[in-house]
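Report on the structure given below.
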Amino acid sequence: MRPTRDEAWELLCRYTETDALRRHALQVEAAMRHFATLFAEDPEAWGLVGLCHDLDYERFPEQHCVMTKRILTEEGWEKADIRAIMAHGWGMVTDVEPQTNREKALYTVDELTGIINAACLLRPSRSVHDLTLKSLRKKFKDTRFAAGCNRDVITRGAQMLGMELDTVMAETIAGLQARAEICGLQGNL
Ligand SMILES: [Fe+2]
Ligand SMILES: [Fe+2]
């Protein structure tokens with residue numbers, strides 16, 4: 001079965017208390033919803049896996065993705081949705097290679113939204129609304145900035161999606177702008 005947005009949010013909150021992690025989940029959801037529209041696919045289905053992709057991270061960081069699979073299987077989630085979540089840890093914590101566009105997008109925007117979030121928090125506005133592609137590109141190239149966000153994953157993800165890196169960055173910014181309020185990136189604008 002596929003849960004409603006409310007049910008998925010409730011599940012996430014049951015396993016995740018940290019504000020920063022909830023915000024990360026909401027940002028990845030926002031980016032995924034936007035990418036779904038680019039591929040003319042279902043924003044609900046894409047947003048869902050974005051929202052719950054790090055479900056186990058707070059409680060079981062050593063078993064990341066493995067515990068999520070267990071929890072979501074018990075919750076009766078659809079196999080394809082669980083697989084999409086597993087694939088975001090490809091080459092890091094799982095051997096599930098992203099195959100569908102939804103899986104490739106999640107793999108890519110997970111790391112990229114991390115850089116964007118860090119970039120926004122440094123701005124006087126603390127907002128994504130005045131973040132330019134040029135500014136993000138600079139932060140991307142400065143590997144000491146938000147060093148935990150893996151640039152190779154983002155570059156590889158863009159290649160898998162068949163998109164230019166610039167396009168992926170611009171579209172991810174657009175997705176976060178569209179849901180800035182809900183994902184904590186409205187700032188003071
Ligand atoms: Fe993760
Ligand atoms: Fe994540």
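Residue numbering restarts at 1 for every chain of the structure tokens, chains are lettered A, B, ... in their displayed order, and ligands are numbered from 1 as they appear.
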Hey, what's within 9 Å of Glu171 (chain A) if we count only C-alpha atoms and toss same-chain stuff fewer than 4 positions away? As a PDB file with N, CA and C atoms, in the first residue's frame, please?
ATOM      1  N   ALA A  31      12.186  18.768  -3.466  1.00  0.00           N
ATOM      2  CA  ALA A  31      12.956  18.589  -4.712  1.00  0.00           C
ATOM      3  C   ALA A  31      12.376  17.428  -5.533  1.00  0.00           C
ATOM      4  N   HIS A  34       9.220  18.298  -7.359  1.00  0.00           N
ATOM      5  CA  HIS A  34       9.513  19.125  -8.524  1.00  0.00           C
ATOM      6  C   HIS A  34      10.067  18.278  -9.676  1.00  0.00           C
ATOM      7  N   PHE A  35      10.992  17.379  -9.373  1.00  0.00           N
ATOM      8  CA  PHE A  35      11.568  16.529 -10.421  1.00  0.00           C
ATOM      9  C   PHE A  35      10.504  15.603 -11.020  1.00  0.00           C
ATOM     10  N   LEU A  38       8.961  17.376 -13.798  1.00  0.00           N
ATOM     11  CA  LEU A  38       9.846  17.472 -14.956  1.00  0.00           C
ATOM     12  C   LEU A  38       9.780  16.205 -15.806  1.00  0.00           C
ATOM     13  N   ASP A 166      24.285  21.865 -14.194  1.00  0.00           N
ATOM     14  CA  ASP A 166      23.664  23.187 -14.015  1.00  0.00           C
ATOM     15  C   ASP A 166      22.137  23.093 -13.975  1.00  0.00           C
ATOM     16  N   THR A 167      21.591  22.283 -14.852  1.00  0.00           N
ATOM     17  CA  THR A 167      20.132  22.127 -14.900  1.00  0.00           C
ATOM     18  C   THR A 167      19.630  21.471 -13.621  1.00  0.00           C
ATOM     19  N   GLY A 175      12.624  23.769  -7.049  1.00  0.00           N
ATOM     20  CA  GLY A 175      11.776  22.899  -6.239  1.00  0.00           C
ATOM     21  C   GLY A 175      11.716  23.337  -4.786  1.00  0.00           C
ATOM     22  N   LEU A 176      12.858  23.777  -4.279  1.00  0.00           N
ATOM     23  CA  LEU A 176      12.905  24.236  -2.880  1.00  0.00           C
ATOM     24  C   LEU A 176      12.222  25.598  -2.741  1.00  0.00           C
TER      25      LEU A 176
END
Write out as a short mmCIF file (atom, residue, chain, number, x, y, z; two decimals) with N, CA and C atoms, in the first residue's frame which residues come within 10 Å of Pro43 (chain A) when counting only C-alpha atoms, dropping same-chain ones fewer than 2 positions away.
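Output file part.cif is given in full below:
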data_model
loop_
_atom_site.label_atom_id
_atom_site.label_comp_id
_atom_site.auth_asym_id
_atom_site.auth_seq_id
_atom_site.Cartn_x
_atom_site.Cartn_y
_atom_site.Cartn_z
N GLU A 29 11.90 15.98 -0.09
CA GLU A 29 10.53 15.80 -0.62
C GLU A 29 10.20 16.89 -1.65
N ALA A 30 10.51 18.14 -1.29
CA ALA A 30 10.19 19.27 -2.19
C ALA A 30 10.90 19.11 -3.53
N ALA A 31 12.19 18.77 -3.47
CA ALA A 31 12.96 18.59 -4.71
C ALA A 31 12.38 17.43 -5.53
N MET A 32 12.02 16.34 -4.85
CA MET A 32 11.48 15.18 -5.55
C MET A 32 10.15 15.48 -6.22
N ARG A 33 9.30 16.23 -5.54
CA ARG A 33 8.01 16.62 -6.14
C ARG A 33 8.25 17.41 -7.42
N HIS A 34 9.22 18.30 -7.36
CA HIS A 34 9.51 19.13 -8.52
C HIS A 34 10.07 18.28 -9.68
N PHE A 35 10.99 17.38 -9.37
CA PHE A 35 11.57 16.53 -10.42
C PHE A 35 10.50 15.60 -11.02
N ALA A 36 9.55 15.18 -10.23
CA ALA A 36 8.46 14.35 -10.76
C ALA A 36 7.73 15.09 -11.88
N THR A 37 7.48 16.38 -11.67
CA THR A 37 6.77 17.13 -12.70
C THR A 37 7.64 17.27 -13.96
N LEU A 38 8.96 17.38 -13.80
CA LEU A 38 9.85 17.47 -14.96
C LEU A 38 9.78 16.21 -15.81
N PHE A 39 9.60 15.06 -15.13
CA PHE A 39 9.54 13.79 -15.84
C PHE A 39 8.10 13.35 -16.11
N ALA A 40 7.15 14.28 -15.88
CA ALA A 40 5.72 14.00 -16.08
C ALA A 40 5.29 12.75 -15.30
N GLU A 41 5.78 12.65 -14.06
CA GLU A 41 5.39 11.51 -13.22
C GLU A 41 4.64 12.01 -11.98
N ALA A 45 4.07 10.13 -5.39
CA ALA A 45 4.92 8.94 -5.29
C ALA A 45 6.40 9.33 -5.14
N TRP A 46 6.78 10.40 -5.80
CA TRP A 46 8.18 10.85 -5.72
C TRP A 46 8.43 11.55 -4.38
N GLY A 47 7.46 12.37 -3.96
CA GLY A 47 7.61 13.10 -2.70
C GLY A 47 7.68 12.16 -1.51
N LEU A 48 6.89 11.10 -1.59
CA LEU A 48 6.83 10.12 -0.50
C LEU A 48 8.21 9.52 -0.19
#
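The two atoms in question, CA of Gln186 (chain A) and CA of Ser125 (chain A), are spaced 8.5 Å apart.
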request  = Work out how far apart CA of His24 (chain A) and atom 1 (Fe, counted along the ligand's line) of ligand 2 are and give it in Å to one decimal.
outcome  = 6.7 Å
Show me, as a PDB file with N, CA and C atoms, in the first residue's frame, the residues that have an atom within 10 Å of Lys104 (chain A) when counting only C-alpha atoms, minus same-chain residues fewer than 5 positions from it.
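Okay, this is what ended up in around.pdb:
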ATOM      1  N   ALA A  84      13.251   2.284  -4.030  1.00  0.00           N
ATOM      2  CA  ALA A  84      13.684   3.647  -4.362  1.00  0.00           C
ATOM      3  C   ALA A  84      14.465   4.263  -3.200  1.00  0.00           C
ATOM      4  N   ALA A  87      17.944   2.675  -2.831  1.00  0.00           N
ATOM      5  CA  ALA A  87      18.876   3.068  -3.898  1.00  0.00           C
ATOM      6  C   ALA A  87      19.575   4.401  -3.608  1.00  0.00           C
ATOM      7  N   HIS A  88      19.050   5.187  -2.662  1.00  0.00           N
ATOM      8  CA  HIS A  88      19.753   6.446  -2.378  1.00  0.00           C
ATOM      9  C   HIS A  88      21.063   6.185  -1.625  1.00  0.00           C
ATOM     10  N   GLU A  97      21.396  -0.339  -7.016  1.00  0.00           N
ATOM     11  CA  GLU A  97      21.738   0.715  -7.971  1.00  0.00           C
ATOM     12  C   GLU A  97      20.489   1.455  -8.456  1.00  0.00           C
ATOM     13  N   PRO A  98      20.543   2.793  -8.471  1.00  0.00           N
ATOM     14  CA  PRO A  98      19.384   3.544  -8.987  1.00  0.00           C
ATOM     15  C   PRO A  98      19.109   3.178 -10.448  1.00  0.00           C
ATOM     16  N   GLN A  99      17.882   2.813 -10.738  1.00  0.00           N
ATOM     17  CA  GLN A  99      17.519   2.421 -12.109  1.00  0.00           C
ATOM     18  C   GLN A  99      16.445   3.318 -12.695  1.00  0.00           C
ATOM     19  N   VAL A 109      19.422  14.411  -5.519  1.00  0.00           N
ATOM     20  CA  VAL A 109      18.987  15.600  -4.761  1.00  0.00           C
ATOM     21  C   VAL A 109      19.220  15.461  -3.257  1.00  0.00           C
ATOM     22  N   ILE A 154      26.525  13.631  -6.672  1.00  0.00           N
ATOM     23  CA  ILE A 154      25.665  14.570  -7.401  1.00  0.00           C
ATOM     24  C   ILE A 154      25.999  14.571  -8.900  1.00  0.00           C
ATOM     25  N   ARG A 156      27.513  12.189 -10.611  1.00  0.00           N
ATOM     26  CA  ARG A 156      27.133  10.896 -11.183  1.00  0.00           C
ATOM     27  C   ARG A 156      25.613  10.815 -11.351  1.00  0.00           C
ATOM     28  N   GLY A 157      24.898  11.328 -10.361  1.00  0.00           N
ATOM     29  CA  GLY A 157      23.433  11.312 -10.419  1.00  0.00           C
ATOM     30  C   GLY A 157      22.911  12.104 -11.607  1.00  0.00           C
ATOM     31  N   ALA A 158      23.499  13.275 -11.841  1.00  0.00           N
ATOM     32  CA  ALA A 158      23.078  14.099 -12.986  1.00  0.00           C
ATOM     33  C   ALA A 158      23.323  13.354 -14.286  1.00  0.00           C
ATOM     34  N   GLN A 159      24.483  12.688 -14.369  1.00  0.00           N
ATOM     35  CA  GLN A 159      24.790  11.894 -15.576  1.00  0.00           C
ATOM     36  C   GLN A 159      23.763  10.787 -15.769  1.00  0.00           C
ATOM     37  N   MET A 160      23.413  10.114 -14.667  1.00  0.00           N
ATOM     38  CA  MET A 160      22.439   9.023 -14.767  1.00  0.00           C
ATOM     39  C   MET A 160      21.085   9.547 -15.242  1.00  0.00           C
ATOM     40  N   LEU A 161      20.745  10.759 -14.789  1.00  0.00           N
ATOM     41  CA  LEU A 161      19.468  11.358 -15.183  1.00  0.00           C
ATOM     42  C   LEU A 161      19.513  11.900 -16.614  1.00  0.00           C
ATOM     43  N   GLY A 162      20.729  11.993 -17.174  1.00  0.00           N
ATOM     44  CA  GLY A 162      20.881  12.559 -18.509  1.00  0.00           C
ATOM     45  C   GLY A 162      20.655  14.057 -18.513  1.00  0.00           C
TER      46      GLY A 162
END
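The spacing separating CA of Gly76 (chain A) from CA of Glu58 (chain A) amounts to 21.4 Å.
Comparing the minimum interatomic distances between ligand 2 and each of A:Gly148, A:Pro3, A:Asp81, A:Glu74, counting only C-alpha atoms and all ligand atoms, we find that A:Gly148 sits nearest.
You can rank A:Ala25, A:Met169, A:Ala146, A:Val96 by their closest distance to ligand 2 using only C-alpha atoms and all ligand atoms, and at the top of that list sits A:Ala25.
Among A:Met86, A:Val168, A:Ile71, A:Cys13, the residue with the shortest atom-to-atom distance to ligand 2, counting only C-alpha atoms and all ligand atoms, is A:Met86.
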Please produce, as a Markdown table, a per-residue contact table for chain A versus ligand 1 (criterion: any atom at most 9 Å away, only C-alpha atoms and all ligand atoms considered), showing the nearest atom pair and its distance in Å to one decimal, sorted by chain then residue number.
| residue | atom | partner | partner_atom_place_in_ligand_line | distance |
| --- | --- | --- | --- | --- |
| A:His53 | CA | ligand 1 | 1 (Fe) | 6.2 |
| A:Asp54 | CA | ligand 1 | 1 (Fe) | 4.8 |
| A:Leu55 | CA | ligand 1 | 1 (Fe) | 8.4 |
| A:Asp56 | CA | ligand 1 | 1 (Fe) | 8.7 |
| A:Tyr57 | CA | ligand 1 | 1 (Fe) | 7.0 |
| A:His64 | CA | ligand 1 | 1 (Fe) | 6.8 |
| A:Cys65 | CA | ligand 1 | 1 (Fe) | 7.1 |
| A:Ile85 | CA | ligand 1 | 1 (Fe) | 8.4 |
| A:Met86 | CA | ligand 1 | 1 (Fe) | 8.7 |
| A:His88 | CA | ligand 1 | 1 (Fe) | 6.5 |
| A:Gly89 | CA | ligand 1 | 1 (Fe) | 6.0 |
| A:Val93 | CA | ligand 1 | 1 (Fe) | 8.7 |
| A:Tyr107 | CA | ligand 1 | 1 (Fe) | 8.9 |
| A:Asp110 | CA | ligand 1 | 1 (Fe) | 7.4 |
| A:Glu111 | CA | ligand 1 | 1 (Fe) | 8.8 |
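Excluding Gln27 (chain A) and any residue on its chain fewer than 4 positions from it, the residues at most 9 Å away by only C-alpha atoms are Arg22, Arg23, Ala31, Met32, Gly50, Leu51, Asp110, Thr113, Gly114, Asn117, Gly175, Leu176, Arg179, Ala180, Ile182, Cys183, Gly184 and Leu185 of chain A.
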For the residues in the current selection, export N, CA, C and O atoms as a compact mmCIF listing (two decimals), in the first residue's frame.
# COMPACT_ATOMS: atom_id res chain seq x y z
N ARG A 22 14.27 16.47 10.14
CA ARG A 22 12.93 16.64 9.56
C ARG A 22 12.96 17.63 8.42
O ARG A 22 12.32 17.45 7.39
N ARG A 23 13.75 18.70 8.62
CA ARG A 23 13.85 19.72 7.58
C ARG A 23 14.52 19.13 6.32
O ARG A 23 14.09 19.38 5.20
N ALA A 31 12.19 18.77 -3.47
CA ALA A 31 12.96 18.59 -4.71
C ALA A 31 12.38 17.43 -5.53
O ALA A 31 12.23 17.53 -6.75
N MET A 32 12.02 16.34 -4.85
CA MET A 32 11.48 15.18 -5.55
C MET A 32 10.15 15.48 -6.22
O MET A 32 9.88 15.05 -7.34
N GLY A 50 11.04 10.74 -0.99
CA GLY A 50 11.92 11.82 -0.53
C GLY A 50 11.72 12.08 0.95
O GLY A 50 12.67 12.16 1.73
N LEU A 51 10.47 12.14 1.35
CA LEU A 51 10.15 12.44 2.74
C LEU A 51 10.67 11.38 3.70
O LEU A 51 11.15 11.70 4.79
N ASP A 110 19.37 14.24 -2.77
CA ASP A 110 19.67 14.04 -1.35
C ASP A 110 20.91 14.84 -0.96
O ASP A 110 20.89 15.65 -0.03
N THR A 113 20.56 18.92 -1.99
CA THR A 113 19.77 19.77 -1.08
C THR A 113 20.57 20.09 0.19
O THR A 113 20.37 21.14 0.79
N GLY A 114 21.49 19.18 0.56
CA GLY A 114 22.34 19.45 1.72
C GLY A 114 23.21 20.68 1.50
O GLY A 114 23.35 21.53 2.39
N ASN A 117 20.90 23.80 1.42
CA ASN A 117 20.48 24.18 2.77
C ASN A 117 21.59 24.95 3.49
O ASN A 117 21.36 26.02 4.07
N GLY A 175 12.62 23.77 -7.05
CA GLY A 175 11.78 22.90 -6.24
C GLY A 175 11.72 23.34 -4.79
O GLY A 175 10.67 23.31 -4.15
N LEU A 176 12.86 23.78 -4.28
CA LEU A 176 12.91 24.24 -2.88
C LEU A 176 12.22 25.60 -2.74
O LEU A 176 11.58 25.87 -1.72
N ARG A 179 8.45 25.26 -2.31
CA ARG A 179 7.97 24.80 -1.00
C ARG A 179 8.86 25.35 0.12
O ARG A 179 9.05 24.70 1.15
N ALA A 180 9.35 26.56 -0.08
CA ALA A 180 10.32 27.15 0.86
C ALA A 180 9.78 27.22 2.29
O ALA A 180 10.50 26.88 3.25
N ILE A 182 7.41 25.45 3.87
CA ILE A 182 7.26 24.15 4.56
C ILE A 182 8.62 23.50 4.84
O ILE A 182 8.77 22.78 5.83
N CYS A 183 9.62 23.77 3.99
CA CYS A 183 10.90 23.08 4.24
C CYS A 183 11.94 23.98 4.91
O CYS A 183 13.13 23.66 4.91
N GLY A 184 11.50 25.06 5.51
CA GLY A 184 12.37 25.84 6.37
C GLY A 184 13.36 26.73 5.64
O GLY A 184 14.39 27.11 6.20
N LEU A 185 13.07 27.07 4.38
CA LEU A 185 14.00 27.88 3.62
C LEU A 185 13.40 29.21 3.15
O LEU A 185 13.91 29.84 2.23
